[in-house]
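Chemist: My structure file target.txt, compact mmCIF, N, CA and C atoms, is below:
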# COMPACT_ATOMS: atom_id res chain seq x y z
N MET A 146 -12.81 192.38 -13.31
CA MET A 146 -11.75 191.61 -12.71
C MET A 146 -10.47 191.83 -13.51
N ALA A 147 -9.40 192.16 -12.83
CA ALA A 147 -8.11 192.36 -13.49
C ALA A 147 -7.38 191.02 -13.55
N LYS A 148 -7.12 190.57 -14.75
CA LYS A 148 -6.41 189.31 -14.94
C LYS A 148 -4.93 189.60 -15.16
N VAL A 149 -4.08 188.67 -14.72
CA VAL A 149 -2.64 188.85 -14.81
C VAL A 149 -2.05 187.75 -15.70
N ARG A 150 -1.26 188.14 -16.67
CA ARG A 150 -0.62 187.17 -17.56
C ARG A 150 0.60 186.56 -16.86
N GLY A 151 0.77 185.25 -16.99
CA GLY A 151 1.91 184.57 -16.39
C GLY A 151 3.24 185.04 -16.94
N ARG A 152 3.26 185.52 -18.14
CA ARG A 152 4.53 185.92 -18.76
C ARG A 152 5.15 187.17 -18.13
N ASP A 153 4.40 187.86 -17.29
CA ASP A 153 4.89 189.09 -16.69
C ASP A 153 5.67 188.87 -15.39
N GLY A 154 5.65 187.64 -14.84
CA GLY A 154 6.25 187.36 -13.55
C GLY A 154 7.76 187.51 -13.51
N VAL A 155 8.25 187.87 -12.32
CA VAL A 155 9.68 188.05 -12.07
C VAL A 155 10.03 187.38 -10.75
N VAL A 156 11.19 186.72 -10.71
CA VAL A 156 11.71 186.12 -9.47
C VAL A 156 13.06 186.76 -9.19
N LYS A 157 13.25 187.15 -7.93
CA LYS A 157 14.54 187.74 -7.53
C LYS A 157 15.10 187.03 -6.31
N ILE A 158 16.41 186.93 -6.27
CA ILE A 158 17.14 186.49 -5.09
C ILE A 158 17.87 187.75 -4.62
N GLY A 159 17.38 188.32 -3.52
CA GLY A 159 17.88 189.64 -3.12
C GLY A 159 17.53 190.65 -4.19
N ALA A 160 18.51 191.43 -4.64
CA ALA A 160 18.28 192.42 -5.69
C ALA A 160 18.46 191.85 -7.08
N ASN A 161 18.87 190.58 -7.19
CA ASN A 161 19.22 189.99 -8.48
C ASN A 161 18.06 189.20 -9.10
N THR A 162 17.71 189.53 -10.33
CA THR A 162 16.68 188.82 -11.06
C THR A 162 17.21 187.46 -11.50
N VAL A 163 16.41 186.41 -11.24
CA VAL A 163 16.79 185.06 -11.66
C VAL A 163 16.52 184.96 -13.16
N GLY A 164 17.53 184.48 -13.90
CA GLY A 164 17.42 184.39 -15.35
C GLY A 164 16.70 183.14 -15.81
N ALA A 165 16.09 183.22 -16.97
CA ALA A 165 15.49 182.10 -17.69
C ALA A 165 14.39 181.38 -16.92
N VAL A 166 13.64 182.11 -16.09
CA VAL A 166 12.53 181.51 -15.36
C VAL A 166 11.39 181.24 -16.34
N VAL A 167 10.81 180.04 -16.24
CA VAL A 167 9.65 179.71 -17.07
C VAL A 167 8.38 179.58 -16.24
N GLY A 168 8.52 179.57 -14.92
CA GLY A 168 7.35 179.53 -14.05
C GLY A 168 7.73 179.44 -12.59
N PHE A 169 6.80 179.83 -11.74
CA PHE A 169 7.00 179.65 -10.30
C PHE A 169 5.67 179.47 -9.62
N SER A 170 5.70 178.85 -8.45
CA SER A 170 4.49 178.67 -7.67
C SER A 170 4.77 179.00 -6.21
N LEU A 171 3.73 179.37 -5.51
CA LEU A 171 3.82 179.72 -4.10
C LEU A 171 2.67 179.04 -3.39
N GLU A 172 2.95 178.39 -2.26
CA GLU A 172 1.90 177.75 -1.47
C GLU A 172 2.00 178.22 -0.03
N GLU A 173 0.88 178.69 0.50
CA GLU A 173 0.79 179.09 1.90
C GLU A 173 -0.13 178.10 2.60
N THR A 174 0.28 177.61 3.77
CA THR A 174 -0.51 176.61 4.48
C THR A 174 -0.67 176.97 5.95
N MET A 175 -1.66 176.34 6.57
CA MET A 175 -1.91 176.48 8.00
C MET A 175 -2.16 175.09 8.56
N GLU A 176 -1.53 174.78 9.67
CA GLU A 176 -1.70 173.48 10.32
C GLU A 176 -2.80 173.62 11.38
N PRO A 177 -3.98 173.04 11.11
CA PRO A 177 -5.06 173.18 12.09
C PRO A 177 -4.77 172.38 13.37
N ILE A 178 -5.29 172.88 14.49
CA ILE A 178 -5.15 172.21 15.78
C ILE A 178 -6.54 171.69 16.16
N ASP A 179 -6.63 170.38 16.36
CA ASP A 179 -7.90 169.75 16.71
C ASP A 179 -8.34 170.20 18.11
N ASP A 180 -9.56 170.72 18.22
CA ASP A 180 -10.10 171.07 19.54
C ASP A 180 -11.47 170.43 19.74
N THR A 181 -11.66 169.24 19.12
CA THR A 181 -12.92 168.52 19.21
C THR A 181 -13.11 167.97 20.61
N GLU A 182 -14.30 168.20 21.18
CA GLU A 182 -14.60 167.66 22.50
C GLU A 182 -14.91 166.17 22.40
N LEU A 183 -14.69 165.46 23.49
CA LEU A 183 -14.83 164.01 23.54
C LEU A 183 -16.20 163.53 23.07
N ASN A 184 -17.26 164.20 23.45
CA ASN A 184 -18.60 163.71 23.11
C ASN A 184 -19.16 164.28 21.81
N SER A 185 -18.34 164.92 21.00
CA SER A 185 -18.80 165.52 19.74
C SER A 185 -18.59 164.55 18.59
N VAL A 186 -19.54 164.53 17.66
CA VAL A 186 -19.38 163.70 16.47
C VAL A 186 -18.83 164.50 15.30
N GLU A 187 -18.85 165.84 15.40
CA GLU A 187 -18.27 166.69 14.37
C GLU A 187 -16.94 167.23 14.87
N MET A 188 -15.94 167.06 14.05
CA MET A 188 -14.62 167.56 14.42
C MET A 188 -14.59 169.07 14.29
N THR A 189 -13.86 169.72 15.19
CA THR A 189 -13.65 171.15 15.12
C THR A 189 -12.16 171.42 15.27
N HIS A 190 -11.76 172.62 14.88
CA HIS A 190 -10.35 172.97 14.99
C HIS A 190 -10.19 174.48 15.19
N VAL A 191 -9.00 174.84 15.62
CA VAL A 191 -8.60 176.24 15.68
C VAL A 191 -7.37 176.39 14.79
N SER A 192 -7.11 177.61 14.38
CA SER A 192 -5.96 177.86 13.50
C SER A 192 -4.65 177.62 14.24
N GLY A 193 -3.73 176.99 13.56
CA GLY A 193 -2.41 176.73 14.12
C GLY A 193 -1.34 177.51 13.37
N ASP A 194 -0.15 176.97 13.35
CA ASP A 194 0.98 177.63 12.72
C ASP A 194 0.83 177.67 11.21
N THR A 195 1.40 178.71 10.61
CA THR A 195 1.37 178.85 9.16
C THR A 195 2.77 178.63 8.59
N SER A 196 2.82 178.29 7.33
CA SER A 196 4.10 178.14 6.64
C SER A 196 3.89 178.44 5.16
N TRP A 197 5.00 178.56 4.44
CA TRP A 197 4.91 178.79 3.00
C TRP A 197 6.09 178.13 2.31
N SER A 198 5.89 177.83 1.05
CA SER A 198 6.95 177.23 0.24
C SER A 198 6.78 177.71 -1.20
N ALA A 199 7.84 177.57 -1.97
CA ALA A 199 7.82 178.02 -3.37
C ALA A 199 8.59 177.04 -4.24
N THR A 200 8.25 177.02 -5.50
CA THR A 200 8.97 176.25 -6.51
C THR A 200 9.27 177.18 -7.67
N ILE A 201 10.48 177.09 -8.18
CA ILE A 201 10.89 177.92 -9.32
C ILE A 201 11.38 177.00 -10.42
N GLU A 202 10.86 177.18 -11.63
CA GLU A 202 11.25 176.39 -12.80
C GLU A 202 12.02 177.29 -13.76
N CYS A 203 13.19 176.82 -14.21
CA CYS A 203 14.05 177.61 -15.09
C CYS A 203 14.60 176.77 -16.23
N MET A 204 14.98 177.45 -17.31
CA MET A 204 15.88 176.85 -18.28
C MET A 204 17.27 177.09 -17.70
N TRP A 205 18.11 176.09 -17.72
CA TRP A 205 19.43 176.21 -17.11
C TRP A 205 20.24 177.33 -17.78
N ASP A 206 20.76 178.24 -16.98
CA ASP A 206 21.60 179.34 -17.44
C ASP A 206 22.82 179.38 -16.54
N LYS A 207 23.90 178.72 -16.96
CA LYS A 207 25.08 178.63 -16.10
C LYS A 207 25.78 179.98 -15.92
N ALA A 208 25.46 180.97 -16.74
CA ALA A 208 26.03 182.31 -16.57
C ALA A 208 25.29 183.13 -15.50
N ASP A 209 24.13 182.64 -15.05
CA ASP A 209 23.33 183.35 -14.05
C ASP A 209 23.84 183.01 -12.65
N THR A 210 24.99 183.54 -12.31
CA THR A 210 25.64 183.19 -11.04
C THR A 210 24.98 183.82 -9.83
N THR A 211 24.27 184.94 -10.00
CA THR A 211 23.65 185.62 -8.86
C THR A 211 22.17 185.26 -8.70
N GLY A 212 21.63 184.52 -9.64
CA GLY A 212 20.23 184.07 -9.58
C GLY A 212 20.19 182.57 -9.36
N GLN A 213 20.23 181.81 -10.47
CA GLN A 213 20.23 180.35 -10.37
C GLN A 213 21.44 179.85 -9.58
N GLY A 214 22.59 180.47 -9.79
CA GLY A 214 23.80 180.04 -9.10
C GLY A 214 23.77 180.28 -7.60
N ALA A 215 22.95 181.21 -7.14
CA ALA A 215 22.84 181.50 -5.71
C ALA A 215 21.93 180.50 -4.99
N MET A 216 21.18 179.72 -5.75
CA MET A 216 20.25 178.76 -5.14
C MET A 216 20.89 177.39 -5.00
N THR A 217 21.81 177.30 -4.05
CA THR A 217 22.48 176.04 -3.74
C THR A 217 21.77 175.38 -2.55
N ILE A 218 21.83 174.07 -2.50
CA ILE A 218 21.16 173.32 -1.43
C ILE A 218 21.62 173.83 -0.07
N GLY A 219 20.66 174.15 0.79
CA GLY A 219 20.95 174.63 2.13
C GLY A 219 21.11 176.13 2.25
N ALA A 220 21.23 176.83 1.12
CA ALA A 220 21.40 178.28 1.17
C ALA A 220 20.13 178.96 1.68
N SER A 221 20.30 180.01 2.46
CA SER A 221 19.20 180.85 2.90
C SER A 221 19.22 182.09 2.01
N VAL A 222 18.09 182.37 1.36
CA VAL A 222 18.05 183.46 0.39
C VAL A 222 16.88 184.40 0.69
N ALA A 223 17.02 185.65 0.26
CA ALA A 223 15.94 186.62 0.32
C ALA A 223 15.17 186.47 -1.00
N LEU A 224 14.01 185.81 -0.94
CA LEU A 224 13.22 185.51 -2.13
C LEU A 224 12.17 186.59 -2.35
N ILE A 225 12.06 187.03 -3.61
CA ILE A 225 11.04 188.00 -4.00
C ILE A 225 10.32 187.43 -5.22
N LEU A 226 9.01 187.25 -5.09
CA LEU A 226 8.18 186.77 -6.20
C LEU A 226 7.27 187.90 -6.62
N GLN A 227 7.28 188.22 -7.91
CA GLN A 227 6.48 189.31 -8.45
C GLN A 227 5.61 188.78 -9.59
N PRO A 228 4.41 188.31 -9.27
CA PRO A 228 3.57 187.70 -10.30
C PRO A 228 3.13 188.64 -11.41
N GLU A 229 3.10 189.96 -11.14
CA GLU A 229 2.68 190.93 -12.14
C GLU A 229 3.84 191.56 -12.89
N GLY A 230 5.05 191.39 -12.41
CA GLY A 230 6.23 192.03 -12.97
C GLY A 230 6.86 192.93 -11.94
N ASP A 231 7.77 193.81 -12.38
CA ASP A 231 8.47 194.66 -11.42
C ASP A 231 8.30 196.15 -11.71
N THR A 232 7.11 196.51 -12.18
CA THR A 232 6.76 197.91 -12.39
C THR A 232 6.18 198.47 -11.09
N SER A 233 6.42 199.74 -10.84
CA SER A 233 5.92 200.39 -9.63
C SER A 233 4.44 200.10 -9.42
N GLY A 234 4.09 199.66 -8.22
CA GLY A 234 2.71 199.35 -7.87
C GLY A 234 2.34 197.88 -8.05
N ASP A 235 3.15 197.10 -8.78
CA ASP A 235 2.86 195.68 -8.96
C ASP A 235 2.99 194.94 -7.63
N GLU A 236 2.12 193.95 -7.42
CA GLU A 236 2.15 193.18 -6.18
C GLU A 236 3.42 192.34 -6.08
N THR A 237 3.92 192.20 -4.86
CA THR A 237 5.14 191.42 -4.62
C THR A 237 4.96 190.60 -3.34
N ARG A 238 5.59 189.45 -3.30
CA ARG A 238 5.61 188.59 -2.11
C ARG A 238 7.07 188.30 -1.81
N SER A 239 7.45 188.45 -0.54
CA SER A 239 8.87 188.27 -0.21
C SER A 239 9.04 187.65 1.16
N GLY A 240 10.19 187.03 1.33
CA GLY A 240 10.54 186.43 2.61
C GLY A 240 11.86 185.70 2.50
N THR A 241 12.33 185.22 3.64
CA THR A 241 13.56 184.43 3.68
C THR A 241 13.19 182.97 3.47
N ALA A 242 13.95 182.28 2.62
CA ALA A 242 13.66 180.88 2.32
C ALA A 242 14.95 180.09 2.23
N SER A 243 14.85 178.81 2.53
CA SER A 243 15.97 177.88 2.38
C SER A 243 15.77 177.05 1.13
N ILE A 244 16.85 176.82 0.40
CA ILE A 244 16.79 175.96 -0.79
C ILE A 244 16.82 174.52 -0.28
N VAL A 245 15.72 173.78 -0.46
CA VAL A 245 15.63 172.43 0.07
C VAL A 245 15.82 171.34 -0.99
N SER A 246 15.64 171.69 -2.26
CA SER A 246 15.95 170.73 -3.31
C SER A 246 16.20 171.44 -4.63
N LYS A 247 16.97 170.76 -5.47
CA LYS A 247 17.30 171.27 -6.80
C LYS A 247 17.33 170.06 -7.73
N ALA A 248 16.64 170.17 -8.86
CA ALA A 248 16.60 169.07 -9.81
C ALA A 248 16.92 169.60 -11.20
N SER A 249 17.55 168.77 -12.00
CA SER A 249 17.87 169.11 -13.39
C SER A 249 17.28 168.05 -14.30
N ALA A 250 16.90 168.48 -15.51
CA ALA A 250 16.36 167.55 -16.49
C ALA A 250 16.97 167.87 -17.85
N ASN A 251 17.28 166.82 -18.58
CA ASN A 251 17.89 166.95 -19.89
C ASN A 251 17.23 165.93 -20.81
N ALA A 252 16.54 166.40 -21.84
CA ALA A 252 15.87 165.51 -22.77
C ALA A 252 16.13 165.97 -24.20
N LYS A 253 16.29 165.01 -25.08
CA LYS A 253 16.52 165.32 -26.49
C LYS A 253 15.39 166.19 -27.02
N GLY A 254 15.76 167.25 -27.73
CA GLY A 254 14.78 168.14 -28.33
C GLY A 254 14.22 169.18 -27.38
N GLU A 255 14.74 169.25 -26.16
CA GLU A 255 14.25 170.22 -25.19
C GLU A 255 15.42 170.95 -24.56
N MET A 256 15.13 172.10 -23.96
CA MET A 256 16.14 172.84 -23.23
C MET A 256 16.44 172.12 -21.91
N VAL A 257 17.69 172.20 -21.46
CA VAL A 257 18.03 171.67 -20.14
C VAL A 257 17.34 172.55 -19.11
N SER A 258 16.69 171.93 -18.14
CA SER A 258 15.95 172.70 -17.15
C SER A 258 16.44 172.43 -15.74
N GLN A 259 16.12 173.37 -14.86
CA GLN A 259 16.39 173.22 -13.44
C GLN A 259 15.14 173.63 -12.68
N SER A 260 14.87 172.95 -11.59
CA SER A 260 13.79 173.37 -10.71
C SER A 260 14.33 173.43 -9.29
N PHE A 261 13.82 174.41 -8.55
CA PHE A 261 14.27 174.66 -7.19
C PHE A 261 13.06 174.65 -6.27
N SER A 262 13.17 173.98 -5.13
CA SER A 262 12.13 174.00 -4.11
C SER A 262 12.67 174.76 -2.91
N LEU A 263 11.85 175.67 -2.40
CA LEU A 263 12.25 176.52 -1.29
C LEU A 263 11.24 176.41 -0.16
N GLN A 264 11.74 176.42 1.08
CA GLN A 264 10.88 176.41 2.27
C GLN A 264 11.04 177.74 2.98
N GLY A 265 9.93 178.44 3.17
CA GLY A 265 9.96 179.73 3.84
C GLY A 265 10.37 179.61 5.30
N SER A 266 11.04 180.62 5.78
CA SER A 266 11.44 180.71 7.19
C SER A 266 10.92 182.04 7.71
N GLY A 267 9.90 181.99 8.55
CA GLY A 267 9.29 183.22 9.03
C GLY A 267 8.15 183.66 8.14
N ALA A 268 7.77 184.90 8.29
CA ALA A 268 6.60 185.43 7.61
C ALA A 268 6.83 185.68 6.13
N LEU A 269 5.78 185.54 5.35
CA LEU A 269 5.76 185.93 3.95
C LEU A 269 5.11 187.32 3.91
N THR A 270 5.78 188.27 3.30
CA THR A 270 5.29 189.64 3.26
C THR A 270 4.67 189.92 1.89
N VAL A 271 3.48 190.49 1.90
CA VAL A 271 2.81 190.90 0.67
C VAL A 271 2.88 192.41 0.60
N GLY A 272 3.35 192.94 -0.52
CA GLY A 272 3.49 194.37 -0.69
C GLY A 272 3.39 194.77 -2.13
N ALA A 273 4.00 195.87 -2.47
CA ALA A 273 3.99 196.38 -3.83
C ALA A 273 5.39 196.88 -4.20
N VAL A 274 5.71 196.80 -5.48
CA VAL A 274 6.98 197.30 -5.98
C VAL A 274 6.98 198.83 -5.81
N ALA A 275 8.07 199.35 -5.27
CA ALA A 275 8.16 200.80 -5.06
C ALA A 275 8.46 201.52 -6.35
Starting from the file, give its structure as structure tokens.

Modeler:
Amino acid sequence: MAKVRGRDGVVKIGANTVGAVVGFSLEETMEPIDDTELNSVEMTHVSGDTSWSATIECMWDKADTTGQGAMTIGASVALILQPEGDTSGDETRSGTASIVSKASANAKGEMVSQSFSLQGSGALTVGAVA
């Protein structure tokens, strides 16, 4: 089994690498459609619509105008998540997403952080870095 280290991950907005990323997550979901018959005691379903969302955690970098700075509330961005890194052949996931929330945290003895929540619009594409 090939294991992947979290430290190798890369996040991009379009062609621009987002700076100071400390982690990201991706969730893909499917909304089941109930097709249980009236006289059945076991529920059944068929597959319904799918969706995806992502969260990006960063140390705040105000100089990163094309990465963190591009993720403003309501913006539609070309998101690229590369869990293995950006070397040729590494797996990549990409799609168009809307920035739905942005949060900042500031605590004594810690770096100022920002987190971004994104909602996918359309399909999520799985591929490889060229």

Chemist: Which residues are near A:Glu172? Cut-off 7 Å, only N, CA and C atoms, ignore same chain within fewer than 6 positions. Put them as a ChimeraX atom specification.

Modeler: /A:196-200

Chemist: Skipping near chain neighbours, those fewer than 2 positions away, what residues fall within 6 Å of A:Gly240 using only N, CA and C atoms, listed as number ranges by chain?

Modeler: A: 222-225, 238, 242, 268-270

Chemist: Rounded to one decimal place, report the atom CA of A:Val191-atom N of A:Ser266 distance in Å.

Modeler: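 So the answer is 22.4 Å.
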
Chemist: Pull the neighbourhood of (18.1, 191.8, -4.8) for me: all residues within 10 Å in file coordinates, counting only C-alpha atoms, as a list of chain:residue names.

Modeler: A:Val156, A:Lys157, A:Ile158, A:Gly159, A:Ala160, A:Asn161, A:Thr162, A:Val163, A:Thr211, A:Gly212, A:Val222, A:Ala223, A:Leu224, A:Ile225

Chemist: In Å, how far is it from atom CA of A:Gly164 to atom CA of A:Gly214?

Modeler: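 Those two atoms sit 9.9 Å apart.
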
Chemist: Would you mind reading off the distance between atom N of A:Ser170 and atom C of A:Ala248, one decimal, in Å?

Modeler: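 Going from atom N of A:Ser170 over to atom C of A:Ala248 covers 14.8 Å.
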
Chemist: My list of candidates is A:Gly265, A:Pro177, A:Pro228, A:Gly168. Which is closest to A:Ser243 when distances are computed with all atoms listed in the file?

Modeler: A:Gly265

Chemist: List every protein, DNA or RNA residue with an atom no more than 12 Å from (-9.2, 179.7, 9.0) in the file's coordinates, counting only C-alpha atoms, and format the result as a CSV table (one decimal) with N, CA and C atoms, in the coordinates of the input.

Modeler:
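The new file out10.csv reads:
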chain,number,residue,atom,x,y,z
A,174,THR,N,0.3,177.6,3.8
A,174,THR,CA,-0.5,176.6,4.5
A,174,THR,C,-0.7,177.0,6.0
A,175,MET,N,-1.7,176.3,6.6
A,175,MET,CA,-1.9,176.5,8.0
A,175,MET,C,-2.2,175.1,8.6
A,176,GLU,N,-1.5,174.8,9.7
A,176,GLU,CA,-1.7,173.5,10.3
A,176,GLU,C,-2.8,173.6,11.4
A,177,PRO,N,-4.0,173.0,11.1
A,177,PRO,CA,-5.1,173.2,12.1
A,177,PRO,C,-4.8,172.4,13.4
A,178,ILE,N,-5.3,172.9,14.5
A,178,ILE,CA,-5.2,172.2,15.8
A,178,ILE,C,-6.5,171.7,16.2
A,189,THR,N,-13.9,169.7,15.2
A,189,THR,CA,-13.6,171.2,15.1
A,189,THR,C,-12.2,171.4,15.3
A,190,HIS,N,-11.8,172.6,14.9
A,190,HIS,CA,-10.4,173.0,15.0
A,190,HIS,C,-10.2,174.5,15.2
A,191,VAL,N,-9.0,174.8,15.6
A,191,VAL,CA,-8.6,176.2,15.7
A,191,VAL,C,-7.4,176.4,14.8
A,192,SER,N,-7.1,177.6,14.4
A,192,SER,CA,-6.0,177.9,13.5
A,192,SER,C,-4.6,177.6,14.2
A,193,GLY,N,-3.7,177.0,13.6
A,193,GLY,CA,-2.4,176.7,14.1
A,193,GLY,C,-1.3,177.5,13.4
A,194,ASP,N,-0.2,177.0,13.4
A,194,ASP,CA,1.0,177.6,12.7
A,194,ASP,C,0.8,177.7,11.2
A,195,THR,N,1.4,178.7,10.6
A,195,THR,CA,1.4,178.8,9.2
A,195,THR,C,2.8,178.6,8.6

Chemist: Any idea what's packed within 8 Å of A:Ser249, counting only N, CA and C atoms, ignoring anything in its chain fewer than 5 positions away? Could you give it as a PyMOL selection string?

Modeler: chain A and resi 257-261

Chemist: Find, counting all atoms listed in the file, the residue in A:Ile244, A:Ala273, A:Ala208, A:Ile201 that gets nearest to A:Ala220.

Modeler: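 Of the candidates, the smallest distance to A:Ala220 is held by A:Ile244.
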
Chemist: What residues in chain A get the DSSP label strand (DSSP E)? Please answer as a ChimeraX atom specification.

Modeler: /A:155-158,161-162,166-175,178-179,190-191,195-204,221-227,236-250,258-273

Chemist: Which residue out of A:Asp231, A:Asp206, A:Asp153, A:Glu236 has the minimum interatomic distance to A:Ala165 when all atoms listed in the file are used?

Modeler: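 Checking each candidate against A:Ala165, we get A:Asp206 as the closest.
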
Chemist: Could you check which of A:Met188, A:Leu226, A:Ala215, A:Asn251 is closest to A:Leu171, using only C-alpha atoms?

Modeler: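 Smallest separation from A:Leu171 among the options: A:Leu226.
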
Chemist: For A:Arg150, list every protein, DNA or RNA residue within 10 Å, evaluated using only C-alpha atoms, and leave out those in the same chain fewer than 4 positions away; present the list as a PyMOL selection string.

Modeler: chain A and resi 154+228-230
